[in-house]
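Raw contents of work.cif, mmCIF, C-alpha atoms (C1' of nucleotides):
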```cif
data_work
#
loop_
_atom_site.label_atom_id
_atom_site.label_comp_id
_atom_site.auth_asym_id
_atom_site.auth_seq_id
_atom_site.Cartn_x
_atom_site.Cartn_y
_atom_site.Cartn_z
CA MET N 30 191.75 -15.91 -79.42
CA ALA N 31 194.26 -16.50 -82.20
CA ILE N 32 197.06 -16.90 -79.70
CA ASN N 33 200.24 -18.08 -81.38
CA ARG N 34 200.71 -21.81 -80.98
CA LYS N 35 203.47 -22.19 -83.55
CA GLU N 36 206.16 -22.44 -80.90
CA GLU N 37 204.62 -25.63 -79.59
CA PHE N 38 205.76 -27.52 -82.68
CA THR N 39 209.23 -28.94 -83.33
CA ASP N 40 212.07 -26.67 -84.41
CA THR N 41 212.33 -28.54 -87.70
CA ASP N 42 208.66 -28.05 -88.53
CA GLN N 43 208.82 -24.39 -87.57
CA GLU N 44 211.85 -23.92 -89.79
CA LEU N 45 210.26 -25.73 -92.73
CA SER N 46 207.02 -23.80 -92.41
CA MET N 47 208.93 -20.52 -92.25
CA LEU N 48 210.70 -21.27 -95.51
CA ALA N 49 207.46 -22.42 -97.11
CA LYS N 50 205.79 -19.23 -95.94
CA ALA N 51 208.55 -17.18 -97.53
CA MET N 52 207.64 -18.84 -100.82
CA SER N 53 203.90 -18.59 -100.32
CA HIS N 54 203.39 -15.58 -102.58
CA PRO N 55 203.85 -15.66 -106.37
CA ALA N 56 205.73 -12.38 -106.29
CA ARG N 57 208.40 -13.93 -104.09
CA ILE N 58 208.60 -17.02 -106.29
CA ALA N 59 209.00 -14.72 -109.29
CA ILE N 60 211.81 -12.84 -107.54
CA LEU N 61 213.59 -16.08 -106.68
CA ARG N 62 213.19 -17.23 -110.26
CA VAL N 63 214.83 -14.13 -111.69
CA LEU N 64 217.72 -14.33 -109.24
CA ALA N 65 218.17 -18.08 -109.76
CA ILE N 66 218.22 -17.89 -113.53
CA ARG N 67 220.75 -15.08 -113.69
CA ARG N 68 222.94 -16.46 -110.93
CA THR N 69 224.31 -12.99 -110.24
CA CYS N 70 223.30 -9.98 -108.23
CA ILE N 71 220.32 -8.10 -109.51
CA CYS N 72 219.83 -4.45 -108.78
CA GLY N 73 216.63 -2.65 -109.42
CA GLU N 74 215.32 -4.47 -112.46
CA ILE N 75 213.21 -6.60 -110.16
CA VAL N 76 210.74 -3.77 -109.70
CA ASP N 77 210.41 -3.33 -113.47
CA VAL N 78 209.53 -6.99 -113.97
CA LEU N 79 206.83 -7.30 -111.31
CA PRO N 80 203.28 -5.90 -111.48
CA LEU N 81 203.64 -4.27 -108.08
CA ALA N 82 204.54 -0.89 -106.67
CA GLN N 83 208.14 -0.27 -105.62
CA ALA N 84 207.24 -0.19 -101.94
CA THR N 85 205.54 -3.56 -102.20
CA VAL N 86 208.47 -5.17 -103.97
CA SER N 87 210.80 -3.83 -101.30
CA GLN N 88 208.56 -5.39 -98.68
CA HIS N 89 208.67 -8.79 -100.42
CA LEU N 90 212.47 -8.56 -100.73
CA LYS N 91 212.70 -7.92 -97.01
CA GLU N 92 210.68 -11.05 -96.29
CA LEU N 93 212.95 -13.16 -98.47
CA LEU N 94 215.96 -11.63 -96.68
CA THR N 95 214.49 -12.36 -93.25
CA ALA N 96 213.83 -15.95 -94.25
CA GLY N 97 217.45 -16.21 -95.39
CA LEU N 98 216.51 -17.19 -98.94
CA ILE N 99 218.35 -14.26 -100.48
CA LYS N 100 221.29 -12.08 -99.55
CA GLY N 101 221.47 -8.36 -100.06
CA ALA N 102 224.18 -5.76 -100.23
CA ILE N 103 224.03 -2.04 -100.72
CA ASP N 104 226.14 -1.04 -103.69
CA GLY N 105 226.27 2.71 -103.96
CA LYS N 106 222.95 4.17 -104.95
CA LYS N 107 221.50 0.79 -105.75
CA SER N 108 220.85 -2.35 -103.74
CA CYS N 109 221.91 -5.72 -104.90
CA TYR N 110 220.31 -9.09 -104.21
CA CYS N 111 221.21 -12.68 -104.96
CA ILE N 112 220.03 -16.15 -104.05
CA ASN N 113 221.31 -17.70 -100.84
CA TRP N 114 222.02 -21.12 -102.27
CA ASP N 115 222.87 -22.62 -98.89
CA THR N 116 219.45 -21.93 -97.42
CA LEU N 117 217.69 -22.97 -100.59
CA GLN N 118 219.53 -26.27 -100.69
CA ALA N 119 218.82 -26.80 -97.00
CA PHE N 120 215.13 -26.34 -97.68
CA ASN N 121 215.26 -28.80 -100.52
CA THR N 122 217.10 -31.35 -98.41
CA THR N 123 214.80 -30.99 -95.43
CA PHE N 124 211.76 -31.31 -97.63
CA ASN N 125 213.11 -34.41 -99.29
CA THR N 126 213.98 -35.86 -95.91
CA LEU N 127 210.45 -35.26 -94.68
CA PHE N 128 208.79 -37.34 -97.32
CA GLY N 129 211.58 -39.65 -98.29
CA ASP N 130 212.05 -40.83 -101.77
CA LEU N 131 208.44 -41.20 -102.93
CA GLU N 132 209.39 -43.41 -105.82
CA THR N 133 211.57 -46.03 -104.16
CA ALA N 134 209.83 -46.32 -100.81
CA GLY N 135 206.94 -48.12 -102.48
CA GLY N 136 204.49 -46.05 -100.50
CA ASN N 137 202.51 -44.83 -103.44
CA GLN N 138 199.52 -47.01 -102.70
CA ASN N 139 196.58 -44.79 -101.90
CA CYS N 140 194.11 -46.00 -99.35
CA CYS N 141 191.33 -43.49 -99.87
CA MET Q 4 194.30 -0.98 -100.86
CA ALA Q 5 195.52 -4.55 -100.58
CA ILE Q 6 193.85 -5.45 -103.85
CA ASN Q 7 194.78 -8.96 -104.95
CA ARG Q 8 197.55 -8.95 -107.53
CA LYS Q 9 198.33 -12.64 -107.37
CA GLU Q 10 196.52 -13.39 -110.59
CA GLU Q 11 198.94 -11.22 -112.51
CA PHE Q 12 201.71 -13.79 -112.05
CA THR Q 13 202.25 -16.94 -114.09
CA ASP Q 14 200.11 -20.02 -113.48
CA THR Q 15 203.18 -21.98 -112.44
CA ASP Q 16 204.20 -19.43 -109.83
CA GLN Q 17 200.64 -19.22 -108.51
CA GLU Q 18 200.50 -23.00 -108.25
CA LEU Q 19 203.87 -23.22 -106.49
CA SER Q 20 203.00 -20.46 -104.05
CA MET Q 21 199.68 -22.13 -103.25
CA LEU Q 22 201.40 -25.38 -102.36
CA ALA Q 23 204.03 -23.52 -100.34
CA LYS Q 24 201.26 -21.69 -98.54
CA ALA Q 25 199.58 -24.96 -97.67
CA MET Q 26 202.81 -25.94 -95.94
CA SER Q 27 203.40 -22.57 -94.30
CA HIS Q 28 202.15 -23.56 -90.86
CA PRO Q 29 203.95 -26.05 -88.59
CA ALA Q 30 200.66 -27.74 -87.73
CA ARG Q 31 200.14 -28.64 -91.36
CA ILE Q 32 203.72 -29.87 -91.71
CA ALA Q 33 203.17 -31.99 -88.60
CA ILE Q 34 199.99 -33.44 -90.09
CA LEU Q 35 201.76 -34.29 -93.36
CA ARG Q 36 204.57 -35.86 -91.39
CA VAL Q 37 202.25 -38.19 -89.49
CA LEU Q 38 200.44 -39.22 -92.67
CA ALA Q 39 203.67 -39.66 -94.64
CA ILE Q 40 205.36 -41.81 -92.00
CA ARG Q 41 202.41 -44.13 -91.54
CA ARG Q 42 201.61 -44.35 -95.23
CA THR Q 43 198.04 -45.32 -94.40
CA CYS Q 44 194.81 -43.58 -93.60
CA ILE Q 45 194.70 -41.90 -90.25
CA CYS Q 46 191.46 -41.30 -88.45
CA GLY Q 47 191.15 -39.07 -85.47
CA GLU Q 48 194.51 -39.54 -83.81
CA ILE Q 49 195.74 -36.39 -85.52
CA VAL Q 50 193.83 -34.23 -83.06
CA ASP Q 51 195.41 -36.07 -80.11
CA VAL Q 52 198.92 -35.43 -81.40
CA LEU Q 53 198.62 -31.69 -82.06
CA PRO Q 54 198.52 -28.90 -79.43
CA LEU Q 55 195.41 -27.41 -81.00
CA ALA Q 56 191.67 -27.57 -80.47
CA GLN Q 57 189.66 -29.99 -82.55
CA ALA Q 58 188.03 -27.22 -84.56
CA THR Q 59 191.42 -25.77 -85.45
CA VAL Q 60 192.82 -29.10 -86.59
CA SER Q 61 189.76 -29.63 -88.75
CA GLN Q 62 190.38 -26.24 -90.31
CA HIS Q 63 194.02 -27.11 -91.10
CA LEU Q 64 192.93 -30.43 -92.59
CA LYS Q 65 190.52 -28.60 -94.85
CA GLU Q 66 193.31 -26.36 -96.10
CA LEU Q 67 195.51 -29.34 -96.92
CA LEU Q 68 192.54 -30.91 -98.72
CA THR Q 69 191.88 -27.76 -100.74
CA ALA Q 70 195.52 -27.59 -101.75
CA GLY Q 71 195.28 -31.20 -102.87
CA LEU Q 72 198.10 -32.35 -100.59
CA ILE Q 73 195.91 -34.87 -98.80
CA LYS Q 74 192.85 -36.93 -99.65
CA GLY Q 75 189.98 -37.61 -97.30
CA ALA Q 76 187.17 -40.07 -97.05
CA ILE Q 77 184.37 -40.42 -94.59
CA ASP Q 78 184.43 -43.86 -93.04
CA GLY Q 79 181.43 -44.34 -90.82
CA LYS Q 80 181.61 -42.19 -87.72
CA LYS Q 81 185.20 -41.22 -88.36
CA SER Q 82 186.98 -39.40 -91.16
CA CYS Q 83 190.07 -40.74 -92.77
CA TYR Q 84 192.92 -38.87 -94.36
CA CYS Q 85 196.00 -39.83 -96.30
CA ILE Q 86 198.77 -38.15 -98.28
CA ASN Q 87 198.14 -37.34 -101.92
CA TRP Q 88 201.47 -38.54 -103.23
CA ASP Q 89 200.82 -37.30 -106.75
CA THR Q 90 200.48 -33.68 -105.69
CA LEU Q 91 203.38 -33.93 -103.30
CA GLN Q 92 205.64 -35.33 -105.95
CA ALA Q 93 204.49 -32.66 -108.39
CA PHE Q 94 205.45 -30.00 -105.88
CA ASN Q 95 208.84 -31.56 -105.39
CA THR Q 96 209.44 -31.78 -109.13
CA THR Q 97 208.32 -28.22 -109.82
CA PHE Q 98 210.48 -26.91 -107.03
CA ASN Q 99 213.49 -28.79 -108.31
CA THR Q 100 212.82 -27.54 -111.81
CA LEU Q 101 212.70 -23.97 -110.57
CA PHE Q 102 216.17 -23.96 -109.13
CA GLY Q 103 217.81 -26.69 -111.12
CA ASP Q 104 220.40 -28.92 -109.66
CA LEU Q 105 222.24 -26.58 -107.32
CA GLU Q 106 225.23 -28.86 -107.09
CA THR Q 107 226.00 -29.57 -110.72
CA ALA Q 108 225.08 -26.26 -112.27
CA GLY Q 109 228.12 -24.68 -110.69
CA GLY Q 110 226.07 -21.71 -109.66
CA ASN Q 111 227.07 -21.76 -106.05
CA GLN Q 112 229.34 -18.75 -106.30
CA ASN Q 113 227.90 -15.99 -104.18
CA CYS Q 114 228.30 -12.47 -105.38
CA CYS Q 115 227.25 -10.62 -102.24
"C1'" DA E 5 164.46 -44.26 -79.22
"C1'" DT E 6 168.18 -42.44 -76.54
"C1'" DT E 7 172.83 -41.57 -75.65
"C1'" DA E 8 177.63 -41.25 -76.68
"C1'" DT E 9 181.26 -40.15 -79.82
"C1'" DA E 10 183.70 -38.19 -83.88
"C1'" DT E 11 184.07 -34.66 -86.94
"C1'" DA E 12 182.60 -30.48 -89.52
"C1'" DT E 13 180.85 -25.95 -89.66
"C1'" DC E 14 179.57 -21.31 -87.83
"C1'" DG E 15 180.60 -17.17 -85.60
"C1'" DT E 16 183.95 -14.26 -84.11
"C1'" DA E 17 188.19 -12.05 -81.95
"C1'" DA E 18 192.86 -11.21 -82.63
"C1'" DA E 19 196.98 -11.47 -85.44
"C1'" DT E 20 199.32 -11.19 -89.70
"C1'" DA E 21 199.86 -10.24 -94.62
"C1'" DT E 22 199.22 -7.43 -98.70
"C1'" DA E 23 199.38 -3.27 -101.12
"C1'" DC E 24 200.41 1.43 -102.01
"C1'" DG E 25 201.13 6.55 -101.42
"C1'" DA E 26 204.01 9.55 -99.08
"C1'" DT E 27 208.21 10.41 -97.26
"C1'" DA E 28 212.97 9.62 -95.73
"C1'" DT E 29 217.65 8.44 -96.92
"C1'" DA E 30 221.61 8.14 -99.40
"C1'" DT E 31 224.41 8.24 -103.43
"C1'" DA E 32 225.44 10.05 -108.21
"C1'" DA E 33 225.36 13.56 -111.52
"C1'" DT E 34 225.39 18.38 -112.77
"C1'" DA M 28 225.33 23.16 -103.54
"C1'" DT M 29 221.50 21.47 -106.15
"C1'" DT M 30 219.07 18.10 -108.53
"C1'" DA M 31 217.97 13.52 -109.98
"C1'" DT M 32 217.56 8.69 -109.03
"C1'" DA M 33 217.22 4.32 -106.39
"C1'" DT M 34 215.66 2.12 -102.57
"C1'" DA M 35 213.84 1.72 -97.78
"C1'" DT M 36 210.62 2.84 -94.31
"C1'" DC M 37 206.24 4.70 -92.34
"C1'" DG M 38 201.44 4.92 -92.08
"C1'" DT M 39 197.37 2.89 -93.10
"C1'" DA M 40 193.32 0.48 -95.37
"C1'" DT M 41 191.79 -3.91 -96.46
"C1'" DA M 42 192.13 -8.94 -96.77
"C1'" DT M 43 193.36 -13.22 -94.95
"C1'" DT M 44 194.81 -16.42 -91.38
"C1'" DT M 45 194.68 -18.42 -86.93
"C1'" DA M 46 192.36 -20.03 -83.06
"C1'" DC M 47 188.61 -21.60 -80.31
"C1'" DG M 48 183.89 -22.18 -78.21
"C1'" DA M 49 179.45 -23.40 -79.52
"C1'" DT M 50 176.70 -25.93 -82.30
"C1'" DA M 51 175.28 -29.00 -86.08
"C1'" DT M 52 175.54 -33.50 -88.18
"C1'" DA M 53 175.96 -38.17 -88.59
"C1'" DT M 54 177.01 -42.75 -87.14
"C1'" DA M 55 177.60 -46.30 -83.40
"C1'" DA M 56 176.32 -48.22 -79.14
"C1'" DT M 57 172.91 -49.22 -75.64
#
```

Using the file provided, produce a representation of the structure as C-alpha cells.
Amino acid sequence: MAINRKEEFTDTDQELSMLAKAMSHPARIAILRVLAIRRTCICGEIVDVLPLAQATVSQHLKELLTAGLIKGAIDGKKSCYCINWDTLQAFNTTFNTLFGDLETAGGNQNCC
Amino acid sequence: MAINRKEEFTDTDQELSMLAKAMSHPARIAILRVLAIRRTCICGEIVDVLPLAQATVSQHLKELLTAGLIKGAIDGKKSCYCINWDTLQAFNTTFNTLFGDLETAGGNQNCC
DNA sequence: ATTATATATCGTAAATATACGATATATAAT
DNA sequence: ATTATATATCGTATATTTACGATATATAAT
C-alpha cells in the first residue's frame, strides 16, 4: 500500500501542494523569514539562529532550494542564500487565485 | 534521533507551517477547491471526484478539519463539509504579512 | 425488523520526513 | 604544506504520512 497517487491530480494542485509542503516546517518558515527581512544573501548565520544541528539546517535549505523558494550560490568558503521572489510571488498569486477574493465575492456565509 | 524540535520555534511560525502542511497534499488542495468553488456544503460527492479510496478521502478530510480549514457537520446519513473562510483568510493574511508586499517594497533585486 | 447506503475508524504496510553524528569537500589563513 | 573553518553529504534511527481493506456505526428505506 501507500502507492503514490499524487500524480493523478492536476499539475496546478501538485505545484501548489509542493510549495505548501516546502513551507510545512517551522524551521523553513524561519529561514524564509530571515532571508525576506534582510533582502540580501545570508551566509552561515542561519545555522546560528535556528535550534537545529548544522546538518539538519543544510537539509532544510536543500528542500527550499528544490522547491525553488530560495536561490543559492557558493561564495568561496561560505554558501550564500536568498529568497527567490519570483517563485514566492507565484505561490501567492496561485493561492489567491484558488480562493478568489474572500471579501468581495460575498461567499463568507457559512452553512455548517 | 528525530526528536521533535518544532516547539522551539515561534507560535506564529508553528501556526503557519501547520496550515501549510494541511495544504501539502494535492488531494487536500483538490478538496478545498471543490468546497471553495461551490461555496456550500458538500456531502459525499468528494469521494467520487478524487482518485482515492473512501477511507483515504475520509482521512484527508479529518486533517483539513484538524487544521481548521474546513468545518463539518453530520446531516442524517451523510456528512457535510464546507470551507472555514475565517481560517483561510487568516492564513492568507499571515502569509502576506510574512513577506510584505513584494511589488512595492522594492526588494525584488536578486543578489545571487 | 431487515436491508441498503454513507461515512468513520482500525489495523497495517510502505513511503517519506526529521534529526543528528560522522565524514567529506573545499576554501582561507598561517 | 598544514591547519582551521564553513558547508554538504552519508548513514541511520525514529517519527509521521499515505493508502487501502476490513469493519464499525448510524441513518434511511423497505

At a cut-off of 12 Å, which residues of chain M touch chain N? Count only C-alpha atoms (C1' of nucleotides) and give the answer as a list of chain:residue names. M:DA31, M:DT32, M:DA33, M:DT34, M:DA35, M:DT36, M:DC37, M:DT44, M:DT45, M:DA46, M:DC47, M:DG48

Dump C-alpha atoms (C1' of nucleotides) for the selected residues as a compact mmCIF listing (two decimals), in the coordinates of the input?
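Okay, this is what ended up in part-v1.txt:
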```
# COMPACT_ATOMS: atom_id res chain seq x y z
C1' DA M 31 217.97 13.52 -109.98
C1' DT M 32 217.56 8.69 -109.03
C1' DA M 33 217.22 4.32 -106.39
C1' DT M 34 215.66 2.12 -102.57
C1' DA M 35 213.84 1.72 -97.78
C1' DT M 36 210.62 2.84 -94.31
C1' DC M 37 206.24 4.70 -92.34
C1' DT M 44 194.81 -16.42 -91.38
C1' DT M 45 194.68 -18.42 -86.93
C1' DA M 46 192.36 -20.03 -83.06
C1' DC M 47 188.61 -21.60 -80.31
C1' DG M 48 183.89 -22.18 -78.21
```

Within 7 Å of chain N, which residues of chain E show up when using all atoms listed in the file, listed as a compact mmCIF listing (two decimals) with C-alpha atoms (C1' of nucleotides), keeping the file's coordinate frame?
```txt
# COMPACT_ATOMS: atom_id res chain seq x y z
C1' DA E 17 188.19 -12.05 -81.95
C1' DA E 18 192.86 -11.21 -82.63
C1' DA E 19 196.98 -11.47 -85.44
C1' DA E 23 199.38 -3.27 -101.12
C1' DC E 24 200.41 1.43 -102.01
C1' DA E 30 221.61 8.14 -99.40
C1' DT E 31 224.41 8.24 -103.43
```

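Of the residues listed (Q:Ile34, Q:Glu48, Q:Leu68, Q:Gly75), Q:Gly75 shows the shortest atom-to-atom separation from chain N; distances use all atoms listed in the file.
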
Take the PyMOL selection byres ((chain Q) within 7 of (chain N)), run it mentally on this structure, and tell me the resulting residues as a VMD selection string. chain Q and resid 9 11 to 12 16 to 17 20 to 21 23 to 24 26 to 29 32 to 33 36 39 42 to 44 54 74 to 76 85 88 101 to 102 110 to 111 114 to 115

Could the centre and edge lengths of an axis-aligned box, enclosing all atoms of stretch 48-53 of chain M in the file with 5 Å extra on each side, be given in Å to one decimal as lines of an AutoDock Vina configuration file?
```
center_x = 179.6
center_y = -30.2
center_z = -83.4
size_x = 18.6
size_y = 26.0
size_z = 20.4
```

Separation of atom CA of Q:Ala93 from atom CA of Q:Glu66, in Å and rounded to one decimal: 17.8 Å

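Across the model, the gap from atom C1' of M:DA49 to atom C1' of E:DA8 is 18.2 Å.
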
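Here atom CA of N:Val78 is placed at a distance of 20.9 Å from atom CA of Q:Thr100.
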
Target residues per the PyMOL selection byres ((chain M and resi 56) around 9), formatted as a PyMOL selection string: (chain E and resi 7-8) or (chain M and resi 55+57)

Let me see the file: selected residues, C-alpha atoms (C1' of nucleotides), as a compact mmCIF listing (two decimals), in the frame of the given file.
```txt
# COMPACT_ATOMS: atom_id res chain seq x y z
C1' DT E 7 172.83 -41.57 -75.65
C1' DA E 8 177.63 -41.25 -76.68
C1' DA M 55 177.60 -46.30 -83.40
C1' DT M 57 172.91 -49.22 -75.64
```
